[in-house]
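Participant: Would you mind keeping the following structure in view while I ask a few things?
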Amino acid sequence: MTKDHKPVVPGWFTTSGEDFSLLGTRCTACGTVFFPRQETFCSNPACAGTEFAEVPLSRRGTVWSYTNAGYRPPAPFVSDPDAEWQPFTIIAVRLEAEGLIVLGQGAPGVGVDDLKVGVEVEIVPGVLYENDEHVYTTWNVRPVEVKA
Ligand SMILES: [Zn+2]
């Protein structure tokens with residue numbers, strides 16, 4: 001049986017694997033891009049915009065900062081209490097075009113030793129957890145493979 005894939009946060013990213021990207025919103029008045037998405041009023045203090053268009057965010061950025069989360073995250077994050085706890089990496093990615101910093105969890109196997117500030121990374125589909133019925137999907141960050 002194939003499990004249903006459900007986004008952890010509906011509307012924050014596309015759900016088709018091939019064109020995966022985070023979804024932000026752009027203020028139609030001043031052009032500022034927001035992620036997490038803003039939809040009621042613009043937080044640019046110089047702007048009174050109240051209309052927003054959904055925009056896919058850049059799929060690549062550079063490492064702005066990162067840290068190792070060596071503890072079980074508190075609610076609402078879910079981790080299987082019976083599974084061996086795997087520390088994970090939290091990466092802050094700078095998206096140049098949008099002027100945004102986006103936080104993401106490192107893809108499986110990506111540790112702090114694989115990262116350096118300024119290194120190019122990509123945002124890829126990931127799985128937060130699964131249960132008997134569903135696979136809960138999220139986004140992960142991993143260094144861009146250097147192709148020879
Ligand atoms: Zn605005």
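We label chains A, B, ... in the order they appear in the structure tokens, count residues from 1 in each chain, and number ligands from 1 in the order shown.
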Write out as a tab-separated table the residues of chain A that have any atom within 8 Å of an atom of ligand 1, one row each with the nearest atom pair and its distance in Å to one decimal, counting only C-alpha atoms and all ligand atoms, sorted by chain and then rising number.

Facilitator:
residue	atom	partner	partner_atom_place_in_ligand_line	distance
A:Arg26	CA	ligand 1	1 (Zn)	7.9
A:Cys27	CA	ligand 1	1 (Zn)	4.6
A:Thr28	CA	ligand 1	1 (Zn)	6.7
A:Ala29	CA	ligand 1	1 (Zn)	5.0
A:Cys30	CA	ligand 1	1 (Zn)	4.1
A:Gly31	CA	ligand 1	1 (Zn)	6.1
A:Thr32	CA	ligand 1	1 (Zn)	5.8
A:Phe41	CA	ligand 1	1 (Zn)	7.7
A:Cys42	CA	ligand 1	1 (Zn)	4.6
A:Ser43	CA	ligand 1	1 (Zn)	6.8
A:Asn44	CA	ligand 1	1 (Zn)	5.5
A:Ala46	CA	ligand 1	1 (Zn)	7.6
A:Cys47	CA	ligand 1	1 (Zn)	4.6
A:Ala48	CA	ligand 1	1 (Zn)	6.2
A:Gly49	CA	ligand 1	1 (Zn)	4.6
A:Thr50	CA	ligand 1	1 (Zn)	7.4

Participant: Give me the residues within 10 Å of Arg37 in chain A as a ChimeraX atom specification, counting only C-alpha atoms and dropping any in the same chain fewer than 3 places off.

Facilitator: /A:11-12,22-26,33-34,40,52-55

Participant: Between CA of Ser58 in chain A and CA of Phe88 in chain A, what distance in Å does the model show, to one decimal?

Facilitator: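 Distance between the two atoms: 23.2 Å.
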
Participant: Which polymer residues have any atom within 10 Å of an atom of Thr89 in chain A, counting only C-alpha atoms, with same-chain residues fewer than 5 positions away left out, as a list in words?

Facilitator: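 Contacts, with the query itself left out: Tyr66, Thr67, Asn68, Ala69, Gly70, Gly104, Gln105, Gly106, Ala107, Pro108, Gly109, Val110, Gly111, Val112, Leu115, Asn140 and Val141 of chain A.
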
Participant: Go ahead and write the selection's residues with C-alpha atoms as a PDB file, in the first residue's frame.

Facilitator:
ATOM      1  CA  TYR A  66      24.183  26.517  10.713  1.00  0.00           C
ATOM      2  CA  THR A  67      24.003  24.620  13.945  1.00  0.00           C
ATOM      3  CA  ASN A  68      23.733  21.134  15.251  1.00  0.00           C
ATOM      4  CA  ALA A  69      20.488  20.268  17.021  1.00  0.00           C
ATOM      5  CA  GLY A  70      21.651  17.466  19.250  1.00  0.00           C
ATOM      6  CA  GLY A 104      15.780  24.264   6.922  1.00  0.00           C
ATOM      7  CA  GLN A 105      16.811  20.939   8.306  1.00  0.00           C
ATOM      8  CA  GLY A 106      19.866  19.329   6.776  1.00  0.00           C
ATOM      9  CA  ALA A 107      19.109  16.428   4.444  1.00  0.00           C
ATOM     10  CA  PRO A 108      19.802  12.987   5.944  1.00  0.00           C
ATOM     11  CA  GLY A 109      23.547  12.506   6.265  1.00  0.00           C
ATOM     12  CA  VAL A 110      24.381  16.204   6.088  1.00  0.00           C
ATOM     13  CA  GLY A 111      26.343  17.205   9.177  1.00  0.00           C
ATOM     14  CA  VAL A 112      28.093  20.360  10.313  1.00  0.00           C
ATOM     15  CA  LEU A 115      28.998  22.858   5.769  1.00  0.00           C
ATOM     16  CA  ASN A 140      15.664  19.725   3.518  1.00  0.00           C
ATOM     17  CA  VAL A 141      18.877  21.531   2.705  1.00  0.00           C
TER      18      VAL A 141
END

Participant: Excluding Val63 in chain A and residues on its chain fewer than 3 positions from it, collect all residues at most 6 Å away from it, counting only C-alpha atoms, and give them as an mmCIF file with C-alpha atoms, in the first residue's frame.

Facilitator:
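Result file follows (selection_28.cif):
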data_model
loop_
_atom_site.group_PDB
_atom_site.id
_atom_site.type_symbol
_atom_site.label_atom_id
_atom_site.label_comp_id
_atom_site.auth_asym_id
_atom_site.auth_seq_id
_atom_site.Cartn_x
_atom_site.Cartn_y
_atom_site.Cartn_z
ATOM 1 C CA VAL A 93 20.140 29.600 3.810
ATOM 2 C CA VAL A 117 29.360 29.680 5.613
ATOM 3 C CA GLY A 118 29.023 30.758 1.978
ATOM 4 C CA VAL A 119 28.835 27.246 0.518
#

Participant: Looking at A:Trp64, A:Phe20, A:Tyr129, A:Tyr136, which one is nearest to Ile91 in chain A, with distances taken over only C-alpha atoms?

Facilitator: A:Trp64

Participant: Could you tell me how far CA of Glu120 in chain A sits from CA of Glu145 in chain A, in Å to one decimal place?

Facilitator: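 Taking CA of Glu145 in chain A and CA of Glu120 in chain A, their separation equals 9.1 Å.
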
Participant: Give me the residues near Glu122 in chain A as a list in words, where near means some atom within 8 Å (using only C-alpha atoms) and where sequence neighbours in that chain fewer than 2 positions away do not count.

Facilitator: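 Neighbouring residues, sequence-local ones excluded: Arg59, Arg60, Gly61, Glu120, Val124, Val141, Arg142, Pro143 and Val144 of chain A.
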
Participant: Next, write the just-selected residues to a file, as a PDB file, in the first residue's frame, keeping N, CA and C atoms as the atom set.

Facilitator:
ATOM      1  N   ARG A  59      15.680  27.880  -5.619  1.00  0.00           N
ATOM      2  CA  ARG A  59      15.967  26.556  -5.083  1.00  0.00           C
ATOM      3  C   ARG A  59      17.395  26.440  -4.584  1.00  0.00           C
ATOM      4  N   ARG A  60      18.193  27.441  -4.878  1.00  0.00           N
ATOM      5  CA  ARG A  60      19.565  27.406  -4.388  1.00  0.00           C
ATOM      6  C   ARG A  60      19.897  28.682  -3.643  1.00  0.00           C
ATOM      7  N   GLY A  61      20.742  28.532  -2.658  1.00  0.00           N
ATOM      8  CA  GLY A  61      21.225  29.692  -1.924  1.00  0.00           C
ATOM      9  C   GLY A  61      22.576  29.368  -1.339  1.00  0.00           C
ATOM     10  N   GLU A 120      27.434  26.833  -1.433  1.00  0.00           N
ATOM     11  CA  GLU A 120      26.166  26.772  -2.154  1.00  0.00           C
ATOM     12  C   GLU A 120      25.377  25.527  -1.738  1.00  0.00           C
ATOM     13  N   VAL A 124      15.658  20.841  -1.098  1.00  0.00           N
ATOM     14  CA  VAL A 124      15.157  19.605  -1.712  1.00  0.00           C
ATOM     15  C   VAL A 124      14.007  19.045  -0.874  1.00  0.00           C
ATOM     16  N   VAL A 141      17.820  20.744   3.343  1.00  0.00           N
ATOM     17  CA  VAL A 141      18.877  21.531   2.705  1.00  0.00           C
ATOM     18  C   VAL A 141      20.105  20.635   2.581  1.00  0.00           C
ATOM     19  N   ARG A 142      20.745  20.689   1.423  1.00  0.00           N
ATOM     20  CA  ARG A 142      21.976  19.917   1.274  1.00  0.00           C
ATOM     21  C   ARG A 142      22.948  20.670   0.367  1.00  0.00           C
ATOM     22  N   PRO A 143      24.234  20.437   0.574  1.00  0.00           N
ATOM     23  CA  PRO A 143      25.213  21.099  -0.291  1.00  0.00           C
ATOM     24  C   PRO A 143      24.987  20.686  -1.736  1.00  0.00           C
ATOM     25  N   VAL A 144      25.170  21.615  -2.664  1.00  0.00           N
ATOM     26  CA  VAL A 144      25.059  21.302  -4.081  1.00  0.00           C
ATOM     27  C   VAL A 144      26.229  20.404  -4.461  1.00  0.00           C
TER      28      VAL A 144
END

Participant: Mind pulling up the distance from CA of His5 in chain A to CA of Ile101 in chain A?

Facilitator: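 About the pair CA of Ile101 in chain A and CA of His5 in chain A: they are 26.7 Å apart.
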
Participant: Counting only C-alpha atoms, which of A:Phe35, A:Gln86, A:Val121, A:Thr14 gets nearest to Ser65 in chain A?

Facilitator: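 Of all the options, A:Val121 lies closest to Ser65 in chain A.
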